[in-house]
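Quick notes on the structure that follows.
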Amino acid sequence: MSIDVKQISKTFGTFKALDNIELKIATGELIALLGPSGSGKTTLLRIIAGLEKADHGEIYFHGKDVRTEETKDRNVGFVFQHYALFRHMTVFENIAFGLKVKPKAIRPSPEKIKAKVHELLKLVQLEWVADRYPSELSGGQRQRIALARALAIEPRVLLLDEPFGSLDAKVRKELRQWLRRFHDDLHITTLFVTHDQEEALEVADRVVVMNKGKIEQAGTPEEVYHNPASVFVLNFLGNVNLFHGRVEETKATKMYVRPHELTVSRNPISANSIKAKISFINPAGSVVKIDAQTSDGQLIQAEIAQEEYKSLKLKRNEEICLTPKNITYSEYDI
Amino acid sequence: MATRTENPWIRRTLIGIALLYLGLFIFLPLVVVFYTGLSKGLAVYFQSFSDPAALSAIRLTVLTALIAVPLNLVFGIAASWAIAKFDFWGKNLLTTLIDLPLSVSPVISGLIFILLFGAQGAFGPWLMDHGIKVIFAPPAIILATIFVTFPMVARELIPVMKAQGNEEEEAALTLGASGFQTFWRITLPNIKWGLLYGVILCNARAMGEFGAVSVVSGHIRGQTNTLPLHIEILYNEYNFTAAFAAASLLALLALVTLFLKSIVEYRYRAELKAAVRTENV
Ligand SMILES: Nc1ncnc2c1ncn2[C@@H]1O[C@H](COP(=O)(O)OP(=O)(O)OP(=O)(O)O)[C@@H](O)[C@H]1O
Ligand SMILES: [Mg+2]
């Protein structure tokens with residue numbers, strides 16, 4: 001089902017949490033909502049689910065205005081930032097809840113409910129925790145149970161609020177790939193919130209970058225990464241170095257270069273090369289991270305491949321030359 | 001745990017003083033109540049309850065509790081729900097008002113109703129014209145009891161509901177539950193121990209209230225006396241055995257309350273703790 005968000009605004013007191021949000025989501029899309037803390041991600045999700053009322057604007061589900069529809073009739077699967085599992089119910093009862101509260105006429109029989117719950121537990125690979133209480137589960141397990149519970153009502157839309165927020169790096173990575181596969185299988189229109197850029201770029205069909213209640217850019221991971229629409233997006237999607245018109249004397253604007261877009265060499269290789277002294281090297285990781293300082297004290301971050309690092313035999317306090325391979329020009333500060 | 005460095009004698013003395021105090025002011029009076037009540041034998045003890053005035057007092061006390069407790073249960077849930085889960089203008093005022101009956105003397109609570117419904121009161125003439133008797137009749141007793149006991153449930157529920165927040169209810173709504181289903185299946189089970197705890201305290205106070213009820217009752221024997229008022233009358237008539245026999249009923253109620261309270265309190269604390277824990281995830 002498609003979702004159409006039109007000119008949504010929301011203020012809390014005098015604070016503008018959402019400012020004229022426009023967003024079109026196609027049927028079956030997997031969208032990442034990316035932004036710093038307090039940028040309005042949760043608020044947007046809650047408005048789509050009907051848990052919060054917008055001050056202005058319209059929401060359409062498949063072309064139908066849903067502003068008058070209550071949350072319970074919108075048929076959205078919502079996974080909360082802190083799971084919100086029912087603490088006094090077992091995992092089984094949690095997942096069965098959405099089916100048990102259906103009106104009698106359309107409520108499945110107890111056998112059907114049981115079968116459905118077990119099918120969902122199998123889907124999230126947690127069949128063996130059916131009789132446990134939420135307090136007896138790990139964070140990652142709670143997360144998946146919350147997802148299974150939301151799926152039980154066969155939602156038209158899936159809204160996930162920082163689904164992997166409070167998990168450790170390894171489990172995050174696993175669940176992230178699992179979500180991608182899961183979405184490829186079921187193809188439910190999905191909107192998930194994250195403030196981890198890597199997660200957004202890796203999983204989503206499209207990334208929506210938010211800042212201070214506004215959408216900065218919406219596009220494929222490739223678009224937002226390689227053609228950032230604003231300095232905010234550029235900076236938010238990874239580290240970046242700022243140069244003040246020193247790389248090419250003719251340009252008076254500011255220039256931004258990502259750490260991996262710098263070539264490191266012993267000697268200058270072009271007119272753009274900058275001399276700097278290595279102040280720190282971190283060789284632990286898939287790439288080697290180098291911090292270097294220019295003669296006037298500017299810190300530049302660079303990333304090079306392990307082989308390159310080995311062949312150059314770099315050491316701390318040595319002089320090197322840094323040459324940009326790709327520059328983003330802008331008149332704005334970060 | 002901190003290591004004990006203080007003199008063991010200090011500890012023993014303090015514990016000794018506490019125990020002596022408890023014995024003197026709680027245990028001894030309890031013994032006296034039962035001892036005096038039973039001093040003329042079991043036959044006289046039970047005889048005193050078959051007195052029509054005593055029976056009427058027991059009946060009125062039970063009736064009062066049967067009306068006041070359920071009403072305060074509903075009010076307590078509604079008020080604590082509103083205070084814990086919504087932001088609205090005048091919320092602080094409401095919170096303060098709920099505690100009001102605990103901070104004013106029960107006599108004042110009683111007088112409020114005299115001022116409202118008494119012959120010279122605000123609604124007195126109107127009530128008189130319509131032949132409705134409130135003051136010096138059971139309605140005033142019930143009203144005064146409701147007034148003095150209405151903080152009991154709300155006070156226990158507000159912290160539990162505050163700690164639990166709204167998320168589970170919102171989750172239920174997204175899963176298609178109606179407001180009623182959400183309340184019945186999510187909110188109520190989550191607060192049940194706190195609620196029970198409040199109800200026990202509320203009931204104990206409703207049955208034992210003296211001051212406010214005394215002001216509005218008129219002390220009409222067999223008609224407007226509750227158990228505590230009945231005891232006072234018997235005592236003033238030097239009928240000690242009957243007075244203490246009736247008092248032993250209230251003492252028994254207190255013991256049962258204490259027993260239930262300690263069982264429920266344990267579960268209630270667990271509920272509160274669980275709520276705080278999940279909130280911090
Ligand atoms: N009920 C509310 N009352 C007042 N202010 C609120 C309310 N809900 C959200 N806000 C404010 O709106 C802003 C956006 O909040 P929101 O929860 O949408 O941010 P977020 O992008 O989800 O942040 P995070 O990544 O920290 O979860 C915040 O500044 C927050 O303080
Ligand atoms: Mg949020």
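Following the order of the structure tokens, chains are lettered A, B, ..., residues in each are numbered from 1, and ligands are numbered from 1.
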(request) Counting only C-alpha atoms and all ligand atoms, name the residues that have an atom within 10 Å of an atom of ligand 2; the answer should be given as a ChimeraX atom specification. (result) /A:35-46,80-82,161-162,165,193-195
Chain A contacts to chain B at 6 Å (only C-alpha atoms) as a PDB file with all heavy atoms, in the first residue's frame:
ATOM      1  N   THR A  71      -6.520   5.018  15.119  1.00  0.00           N
ATOM      2  CA  THR A  71      -5.371   4.116  15.046  1.00  0.00           C
ATOM      3  C   THR A  71      -5.811   2.665  14.842  1.00  0.00           C
ATOM      4  O   THR A  71      -5.274   1.952  14.005  1.00  0.00           O
ATOM      5  CB  THR A  71      -4.556   4.205  16.350  1.00  0.00           C
ATOM      6  OG1 THR A  71      -4.100   5.540  16.486  1.00  0.00           O
ATOM      7  CG2 THR A  71      -3.374   3.273  16.318  1.00  0.00           C
ATOM      8  N   LYS A  72      -6.805   2.256  15.607  1.00  0.00           N
ATOM      9  CA  LYS A  72      -7.178   0.838  15.579  1.00  0.00           C
ATOM     10  C   LYS A  72      -7.740   0.404  14.231  1.00  0.00           C
ATOM     11  O   LYS A  72      -7.757  -0.777  13.923  1.00  0.00           O
ATOM     12  CB  LYS A  72      -8.155   0.519  16.712  1.00  0.00           C
ATOM     13  CG  LYS A  72      -9.570   1.012  16.513  1.00  0.00           C
ATOM     14  CD  LYS A  72     -10.416   0.577  17.697  1.00  0.00           C
ATOM     15  CE  LYS A  72     -11.841   1.060  17.604  1.00  0.00           C
ATOM     16  NZ  LYS A  72     -12.608   0.438  16.510  1.00  0.00           N
ATOM     17  N   ALA A  84       7.581  -2.111  23.877  1.00  0.00           N
ATOM     18  CA  ALA A  84       6.228  -2.043  24.427  1.00  0.00           C
ATOM     19  C   ALA A  84       5.506  -3.387  24.371  1.00  0.00           C
ATOM     20  O   ALA A  84       4.320  -3.463  24.076  1.00  0.00           O
ATOM     21  CB  ALA A  84       5.393  -0.969  23.709  1.00  0.00           C
ATOM     22  N   GLY A  98      -3.510  -9.233  18.848  1.00  0.00           N
ATOM     23  CA  GLY A  98      -4.159  -8.538  17.737  1.00  0.00           C
ATOM     24  C   GLY A  98      -5.266  -9.364  17.093  1.00  0.00           C
ATOM     25  O   GLY A  98      -6.229  -8.822  16.551  1.00  0.00           O
ATOM     26  N   VAL A 101      -8.474  -9.641  19.750  1.00  0.00           N
ATOM     27  CA  VAL A 101      -9.332  -8.479  19.964  1.00  0.00           C
ATOM     28  C   VAL A 101     -10.166  -8.136  18.724  1.00  0.00           C
ATOM     29  O   VAL A 101     -10.897  -7.153  18.717  1.00  0.00           O
ATOM     30  CB  VAL A 101      -8.530  -7.222  20.397  1.00  0.00           C
ATOM     31  CG1 VAL A 101      -7.881  -7.436  21.746  1.00  0.00           C
ATOM     32  CG2 VAL A 101      -7.502  -6.836  19.344  1.00  0.00           C
TER      33      VAL A 101
END
(request) Identify, on the basis of only C-alpha atoms, every residue whose closest approach to range 65-72 of chain B does not exceed 12 Å; exclude the query and any residue fewer than 4 positions from it along the same chain; express the result as a PyMOL selection string. (result) chain B and resi 58-61+76-80+98+138-155+195-196+198-209+226-227
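The smallest atom-to-atom distance between ligand 1 and any of B:Gln223, B:Phe88, B:Val104, B:Ala245, using only C-alpha atoms and all ligand atoms, is found for B:Phe88.
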(message) Can you tell me which residues surround Leu312 in chain A at a distance of at most 12 Å, considering only C-alpha atoms, apart from same-chain residues fewer than 5 positions away, and format the answer as a PyMOL selection string?
(response) chain A and resi 263-267+304-307+318-321
Store the residues picked out above in a file with N, CA, C and O atoms, as a PDB file, in the first residue's frame.
ATOM      1  N   THR A 263      43.888  10.853  -1.653  1.00  0.00           N
ATOM      2  CA  THR A 263      45.017   9.974  -1.966  1.00  0.00           C
ATOM      3  C   THR A 263      46.192  10.383  -1.077  1.00  0.00           C
ATOM      4  O   THR A 263      46.481  11.568  -0.936  1.00  0.00           O
ATOM      5  N   VAL A 264      46.825   9.388  -0.478  1.00  0.00           N
ATOM      6  CA  VAL A 264      47.983   9.673   0.374  1.00  0.00           C
ATOM      7  C   VAL A 264      49.253   9.294  -0.387  1.00  0.00           C
ATOM      8  O   VAL A 264      49.336   8.220  -0.972  1.00  0.00           O
ATOM      9  N   SER A 265      50.221  10.220  -0.414  1.00  0.00           N
ATOM     10  CA  SER A 265      51.489   9.921  -1.100  1.00  0.00           C
ATOM     11  C   SER A 265      52.639  10.594  -0.362  1.00  0.00           C
ATOM     12  O   SER A 265      52.422  11.458   0.493  1.00  0.00           O
ATOM     13  N   ARG A 266      53.866  10.193  -0.700  1.00  0.00           N
ATOM     14  CA  ARG A 266      55.045  10.795  -0.069  1.00  0.00           C
ATOM     15  C   ARG A 266      55.328  12.163  -0.686  1.00  0.00           C
ATOM     16  O   ARG A 266      55.768  13.071   0.005  1.00  0.00           O
ATOM     17  N   ASN A 267      55.102  12.257  -2.037  1.00  0.00           N
ATOM     18  CA  ASN A 267      55.419  13.488  -2.752  1.00  0.00           C
ATOM     19  C   ASN A 267      54.167  14.044  -3.413  1.00  0.00           C
ATOM     20  O   ASN A 267      53.227  13.293  -3.686  1.00  0.00           O
ATOM     21  N   ILE A 304      42.872   4.952   4.029  1.00  0.00           N
ATOM     22  CA  ILE A 304      43.509   4.265   2.898  1.00  0.00           C
ATOM     23  C   ILE A 304      43.449   2.762   3.125  1.00  0.00           C
ATOM     24  O   ILE A 304      43.228   2.294   4.249  1.00  0.00           O
ATOM     25  N   ALA A 305      43.649   2.002   2.033  1.00  0.00           N
ATOM     26  CA  ALA A 305      43.593   0.544   2.127  1.00  0.00           C
ATOM     27  C   ALA A 305      44.798   0.029   2.906  1.00  0.00           C
ATOM     28  O   ALA A 305      45.842   0.684   2.961  1.00  0.00           O
ATOM     29  N   GLN A 306      44.648  -1.154   3.501  1.00  0.00           N
ATOM     30  CA  GLN A 306      45.723  -1.750   4.296  1.00  0.00           C
ATOM     31  C   GLN A 306      47.000  -1.939   3.464  1.00  0.00           C
ATOM     32  O   GLN A 306      48.105  -1.657   3.931  1.00  0.00           O
ATOM     33  N   GLU A 307      46.843  -2.425   2.199  1.00  0.00           N
ATOM     34  CA  GLU A 307      48.031  -2.699   1.363  1.00  0.00           C
ATOM     35  C   GLU A 307      48.800  -1.414   1.103  1.00  0.00           C
ATOM     36  O   GLU A 307      50.031  -1.384   1.153  1.00  0.00           O
ATOM     37  N   GLU A 318      55.480  11.784  10.393  1.00  0.00           N
ATOM     38  CA  GLU A 318      56.069  11.919   9.056  1.00  0.00           C
ATOM     39  C   GLU A 318      55.259  12.905   8.223  1.00  0.00           C
ATOM     40  O   GLU A 318      54.066  13.064   8.424  1.00  0.00           O
ATOM     41  N   GLU A 319      55.932  13.543   7.266  1.00  0.00           N
ATOM     42  CA  GLU A 319      55.272  14.451   6.318  1.00  0.00           C
ATOM     43  C   GLU A 319      54.641  13.630   5.206  1.00  0.00           C
ATOM     44  O   GLU A 319      55.277  12.709   4.679  1.00  0.00           O
ATOM     45  N   ILE A 320      53.386  13.927   4.851  1.00  0.00           N
ATOM     46  CA  ILE A 320      52.780  13.264   3.698  1.00  0.00           C
ATOM     47  C   ILE A 320      52.080  14.301   2.826  1.00  0.00           C
ATOM     48  O   ILE A 320      51.929  15.457   3.229  1.00  0.00           O
ATOM     49  N   CYS A 321      51.638  13.861   1.634  1.00  0.00           N
ATOM     50  CA  CYS A 321      50.862  14.728   0.754  1.00  0.00           C
ATOM     51  C   CYS A 321      49.479  14.133   0.582  1.00  0.00           C
ATOM     52  O   CYS A 321      49.334  12.924   0.369  1.00  0.00           O
TER      53      CYS A 321
END
(message) I need the strand (DSSP E) residues of range 17-246 of chain A per DSSP on the backbone, written as an NGL selection string.
(response) :A and (17-25 or 30-34 or 56-61 or 64-65 or 76-79 or 157-160 or 189-194 or 206-211 or 214-219 or 241-244)
(request) Take CA of Leu42 in chain B and CA of Thr241 in chain B and report the distance between them in Å, one decimal. (result)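 CA of Leu42 in chain B sits 10.9 Å away from CA of Thr241 in chain B.
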(request) Pick out the closest residue to Leu253 in chain B from this set: B:Ala270, B:Glu232, B:Gly222, B:Val62. Count only C-alpha atoms. (result)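 Among the listed residues, B:Val62 lies closest to Leu253 in chain B.
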(message) With only C-alpha atoms as the counted atoms, please give the residues lying no more than 6 Å from range 287-301 of chain A, apart from itself and same-chain residues fewer than 4 positions off, as a ChimeraX atom specification.
(response) /A:259,276-283,305-306
Now that the selection is made, can you save its residues with all heavy atoms as a PDB file, in the first residue's frame?
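The result, written out as result.pdb:
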ATOM      1  N   PRO A 259      37.006  11.327   3.818  1.00  0.00           N
ATOM      2  CA  PRO A 259      38.324  10.769   4.147  1.00  0.00           C
ATOM      3  C   PRO A 259      38.831   9.754   3.111  1.00  0.00           C
ATOM      4  O   PRO A 259      40.015   9.741   2.797  1.00  0.00           O
ATOM      5  CB  PRO A 259      38.096  10.092   5.493  1.00  0.00           C
ATOM      6  CG  PRO A 259      36.978  10.858   6.109  1.00  0.00           C
ATOM      7  CD  PRO A 259      36.099  11.271   4.960  1.00  0.00           C
ATOM      8  N   ALA A 276      50.989  17.697   4.917  1.00  0.00           N
ATOM      9  CA  ALA A 276      50.526  17.599   6.301  1.00  0.00           C
ATOM     10  C   ALA A 276      51.381  16.592   7.049  1.00  0.00           C
ATOM     11  O   ALA A 276      52.060  15.757   6.447  1.00  0.00           O
ATOM     12  CB  ALA A 276      49.063  17.177   6.339  1.00  0.00           C
ATOM     13  N   LYS A 277      51.326  16.684   8.399  1.00  0.00           N
ATOM     14  CA  LYS A 277      52.130  15.805   9.238  1.00  0.00           C
ATOM     15  C   LYS A 277      51.193  14.822   9.945  1.00  0.00           C
ATOM     16  O   LYS A 277      50.171  15.223  10.512  1.00  0.00           O
ATOM     17  CB  LYS A 277      52.865  16.667  10.279  1.00  0.00           C
ATOM     18  CG  LYS A 277      54.104  16.032  10.818  1.00  0.00           C
ATOM     19  CD  LYS A 277      54.968  17.100  11.494  1.00  0.00           C
ATOM     20  CE  LYS A 277      55.150  16.737  12.953  1.00  0.00           C
ATOM     21  NZ  LYS A 277      55.880  17.779  13.682  1.00  0.00           N
ATOM     22  N   ILE A 278      51.553  13.539   9.897  1.00  0.00           N
ATOM     23  CA  ILE A 278      50.687  12.517  10.516  1.00  0.00           C
ATOM     24  C   ILE A 278      50.683  12.678  12.036  1.00  0.00           C
ATOM     25  O   ILE A 278      51.737  12.700  12.668  1.00  0.00           O
ATOM     26  CB  ILE A 278      51.177  11.096  10.158  1.00  0.00           C
ATOM     27  CG1 ILE A 278      51.142  10.906   8.638  1.00  0.00           C
ATOM     28  CG2 ILE A 278      50.321  10.043  10.862  1.00  0.00           C
ATOM     29  CD1 ILE A 278      51.637   9.556   8.178  1.00  0.00           C
ATOM     30  N   SER A 279      49.490  12.810  12.619  1.00  0.00           N
ATOM     31  CA  SER A 279      49.426  12.944  14.072  1.00  0.00           C
ATOM     32  C   SER A 279      48.895  11.678  14.737  1.00  0.00           C
ATOM     33  O   SER A 279      49.083  11.463  15.927  1.00  0.00           O
ATOM     34  CB  SER A 279      48.543  14.135  14.457  1.00  0.00           C
ATOM     35  OG  SER A 279      47.258  13.971  13.908  1.00  0.00           O
ATOM     36  N   PHE A 280      48.198  10.842  13.951  1.00  0.00           N
ATOM     37  CA  PHE A 280      47.621   9.632  14.561  1.00  0.00           C
ATOM     38  C   PHE A 280      47.338   8.605  13.460  1.00  0.00           C
ATOM     39  O   PHE A 280      46.906   8.962  12.369  1.00  0.00           O
ATOM     40  CB  PHE A 280      46.327   9.998  15.282  1.00  0.00           C
ATOM     41  CG  PHE A 280      45.649   8.823  15.928  1.00  0.00           C
ATOM     42  CD1 PHE A 280      46.164   8.273  17.094  1.00  0.00           C
ATOM     43  CD2 PHE A 280      44.507   8.263  15.361  1.00  0.00           C
ATOM     44  CE1 PHE A 280      45.549   7.184  17.687  1.00  0.00           C
ATOM     45  CE2 PHE A 280      43.891   7.169  15.950  1.00  0.00           C
ATOM     46  CZ  PHE A 280      44.411   6.631  17.120  1.00  0.00           C
ATOM     47  N   ILE A 281      47.587   7.344  13.764  1.00  0.00           N
ATOM     48  CA  ILE A 281      47.271   6.271  12.806  1.00  0.00           C
ATOM     49  C   ILE A 281      46.481   5.189  13.542  1.00  0.00           C
ATOM     50  O   ILE A 281      46.885   4.748  14.617  1.00  0.00           O
ATOM     51  CB  ILE A 281      48.555   5.628  12.226  1.00  0.00           C
ATOM     52  CG1 ILE A 281      49.390   6.678  11.487  1.00  0.00           C
ATOM     53  CG2 ILE A 281      48.187   4.488  11.277  1.00  0.00           C
ATOM     54  CD1 ILE A 281      50.716   6.140  10.993  1.00  0.00           C
ATOM     55  N   ASN A 282      45.342   4.788  12.976  1.00  0.00           N
ATOM     56  CA  ASN A 282      44.607   3.648  13.529  1.00  0.00           C
ATOM     57  C   ASN A 282      44.536   2.554  12.477  1.00  0.00           C
ATOM     58  O   ASN A 282      43.703   2.591  11.576  1.00  0.00           O
ATOM     59  CB  ASN A 282      43.203   4.077  13.952  1.00  0.00           C
ATOM     60  CG  ASN A 282      42.388   2.888  14.437  1.00  0.00           C
ATOM     61  OD1 ASN A 282      42.926   1.794  14.641  1.00  0.00           O
ATOM     62  ND2 ASN A 282      41.091   3.108  14.607  1.00  0.00           N
ATOM     63  N   PRO A 283      45.423   1.560  12.573  1.00  0.00           N
ATOM     64  CA  PRO A 283      45.465   0.514  11.538  1.00  0.00           C
ATOM     65  C   PRO A 283      44.481  -0.618  11.806  1.00  0.00           C
ATOM     66  O   PRO A 283      44.358  -1.526  10.985  1.00  0.00           O
ATOM     67  CB  PRO A 283      46.915   0.019  11.613  1.00  0.00           C
ATOM     68  CG  PRO A 283      47.376   0.357  12.990  1.00  0.00           C
ATOM     69  CD  PRO A 283      46.478   1.397  13.571  1.00  0.00           C
ATOM     70  N   ALA A 305      43.649   2.002   2.033  1.00  0.00           N
ATOM     71  CA  ALA A 305      43.593   0.544   2.127  1.00  0.00           C
ATOM     72  C   ALA A 305      44.798   0.029   2.906  1.00  0.00           C
ATOM     73  O   ALA A 305      45.842   0.684   2.961  1.00  0.00           O
ATOM     74  CB  ALA A 305      43.567  -0.065   0.728  1.00  0.00           C
ATOM     75  N   GLN A 306      44.648  -1.154   3.501  1.00  0.00           N
ATOM     76  CA  GLN A 306      45.723  -1.750   4.296  1.00  0.00           C
ATOM     77  C   GLN A 306      47.000  -1.939   3.464  1.00  0.00           C
ATOM     78  O   GLN A 306      48.105  -1.657   3.931  1.00  0.00           O
ATOM     79  CB  GLN A 306      45.265  -3.116   4.849  1.00  0.00           C
ATOM     80  CG  GLN A 306      44.183  -3.047   5.897  1.00  0.00           C
ATOM     81  CD  GLN A 306      44.707  -2.676   7.274  1.00  0.00           C
ATOM     82  OE1 GLN A 306      45.900  -2.456   7.470  1.00  0.00           O
ATOM     83  NE2 GLN A 306      43.795  -2.560   8.240  1.00  0.00           N
TER      84      GLN A 306
END
(message) Restricting the calculation to only C-alpha atoms and all ligand atoms: of A:Lys24, A:Lys214, A:Arg172, A:His226, which residue gets closest to ligand 1?
(response)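 Smallest separation from ligand 1 among the options: A:Lys214.
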(request) Skip Trp193 in chain B itself and residues of its chain fewer than 3 positions away, then list as a PyMOL selection string all residues within 7 Å of it, counting only C-alpha atoms. (result) chain B and resi 196-197+264+267-268
(request) Mind listing the alpha helix (DSSP H) residues of range 26-236 of chain B, per DSSP on the backbone, as a PyMOL selection string? (result) chain B and resi 28-37+41-50+52-85+91-103+106-117+124-129+138-149+151-164+167-174+179-182+188-208+211-217+227-236
(message) What's around Leu262 in chain A at 10 Å? Count only C-alpha atoms, leave out sequence neighbours fewer than 5 positions away in its own chain, and write the answer as a list in words.
(response) Asn241, Val257, Ser273, Ile300, Gln301, Ala302, Glu303, Ile304, Cys321, Leu322, Thr323, Pro324, Lys325, Asn326 and Ile327 of chain A
Save the residues we just selected, N, CA and C atoms, as a PDB file, in the first residue's frame?
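Saved file part25.pdb follows:
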ATOM      1  N   ASN A 241      35.991  16.301   5.346  1.00  0.00           N
ATOM      2  CA  ASN A 241      36.978  17.352   5.616  1.00  0.00           C
ATOM      3  C   ASN A 241      36.560  18.634   4.911  1.00  0.00           C
ATOM      4  N   VAL A 257      35.603  17.141   1.357  1.00  0.00           N
ATOM      5  CA  VAL A 257      36.171  15.904   0.817  1.00  0.00           C
ATOM      6  C   VAL A 257      36.057  14.813   1.872  1.00  0.00           C
ATOM      7  N   SER A 273      47.651  19.002  -4.261  1.00  0.00           N
ATOM      8  CA  SER A 273      48.165  18.264  -3.101  1.00  0.00           C
ATOM      9  C   SER A 273      48.463  19.192  -1.924  1.00  0.00           C
ATOM     10  N   ILE A 300      43.121  17.003   9.179  1.00  0.00           N
ATOM     11  CA  ILE A 300      42.527  16.338   8.014  1.00  0.00           C
ATOM     12  C   ILE A 300      42.469  14.840   8.304  1.00  0.00           C
ATOM     13  N   GLN A 301      41.288  14.233   7.997  1.00  0.00           N
ATOM     14  CA  GLN A 301      41.158  12.792   8.201  1.00  0.00           C
ATOM     15  C   GLN A 301      41.201  12.092   6.854  1.00  0.00           C
ATOM     16  N   ALA A 302      41.968  11.002   6.784  1.00  0.00           N
ATOM     17  CA  ALA A 302      42.066  10.240   5.535  1.00  0.00           C
ATOM     18  C   ALA A 302      41.905   8.761   5.839  1.00  0.00           C
ATOM     19  N   GLU A 303      41.415   8.005   4.851  1.00  0.00           N
ATOM     20  CA  GLU A 303      41.317   6.555   4.995  1.00  0.00           C
ATOM     21  C   GLU A 303      41.970   5.906   3.786  1.00  0.00           C
ATOM     22  N   ILE A 304      42.872   4.952   4.029  1.00  0.00           N
ATOM     23  CA  ILE A 304      43.509   4.265   2.898  1.00  0.00           C
ATOM     24  C   ILE A 304      43.449   2.762   3.125  1.00  0.00           C
ATOM     25  N   CYS A 321      51.638  13.861   1.634  1.00  0.00           N
ATOM     26  CA  CYS A 321      50.862  14.728   0.754  1.00  0.00           C
ATOM     27  C   CYS A 321      49.479  14.133   0.582  1.00  0.00           C
ATOM     28  N   LEU A 322      48.455  14.978   0.698  1.00  0.00           N
ATOM     29  CA  LEU A 322      47.071  14.529   0.550  1.00  0.00           C
ATOM     30  C   LEU A 322      46.479  15.195  -0.678  1.00  0.00           C
ATOM     31  N   THR A 323      45.876  14.362  -1.570  1.00  0.00           N
ATOM     32  CA  THR A 323      45.323  14.907  -2.808  1.00  0.00           C
ATOM     33  C   THR A 323      43.869  14.468  -2.965  1.00  0.00           C
ATOM     34  N   PRO A 324      42.936  15.414  -3.071  1.00  0.00           N
ATOM     35  CA  PRO A 324      41.522  15.040  -3.206  1.00  0.00           C
ATOM     36  C   PRO A 324      41.229  14.379  -4.552  1.00  0.00           C
ATOM     37  N   LYS A 325      40.431  13.284  -4.493  1.00  0.00           N
ATOM     38  CA  LYS A 325      39.999  12.632  -5.728  1.00  0.00           C
ATOM     39  C   LYS A 325      38.642  13.168  -6.143  1.00  0.00           C
ATOM     40  N   ASN A 326      37.894  13.636  -5.199  1.00  0.00           N
ATOM     41  CA  ASN A 326      36.524  14.098  -5.461  1.00  0.00           C
ATOM     42  C   ASN A 326      36.194  15.207  -4.471  1.00  0.00           C
ATOM     43  N   ILE A 327      35.654  16.300  -4.954  1.00  0.00           N
ATOM     44  CA  ILE A 327      35.368  17.442  -4.080  1.00  0.00           C
ATOM     45  C   ILE A 327      33.906  17.840  -4.210  1.00  0.00           C
TER      46      ILE A 327
END
(request) Can you work out the spacing between CA of Val215 in chain B and CA of Ile233 in chain B in Å, to one decimal? (result)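 The value is 14.1 Å.
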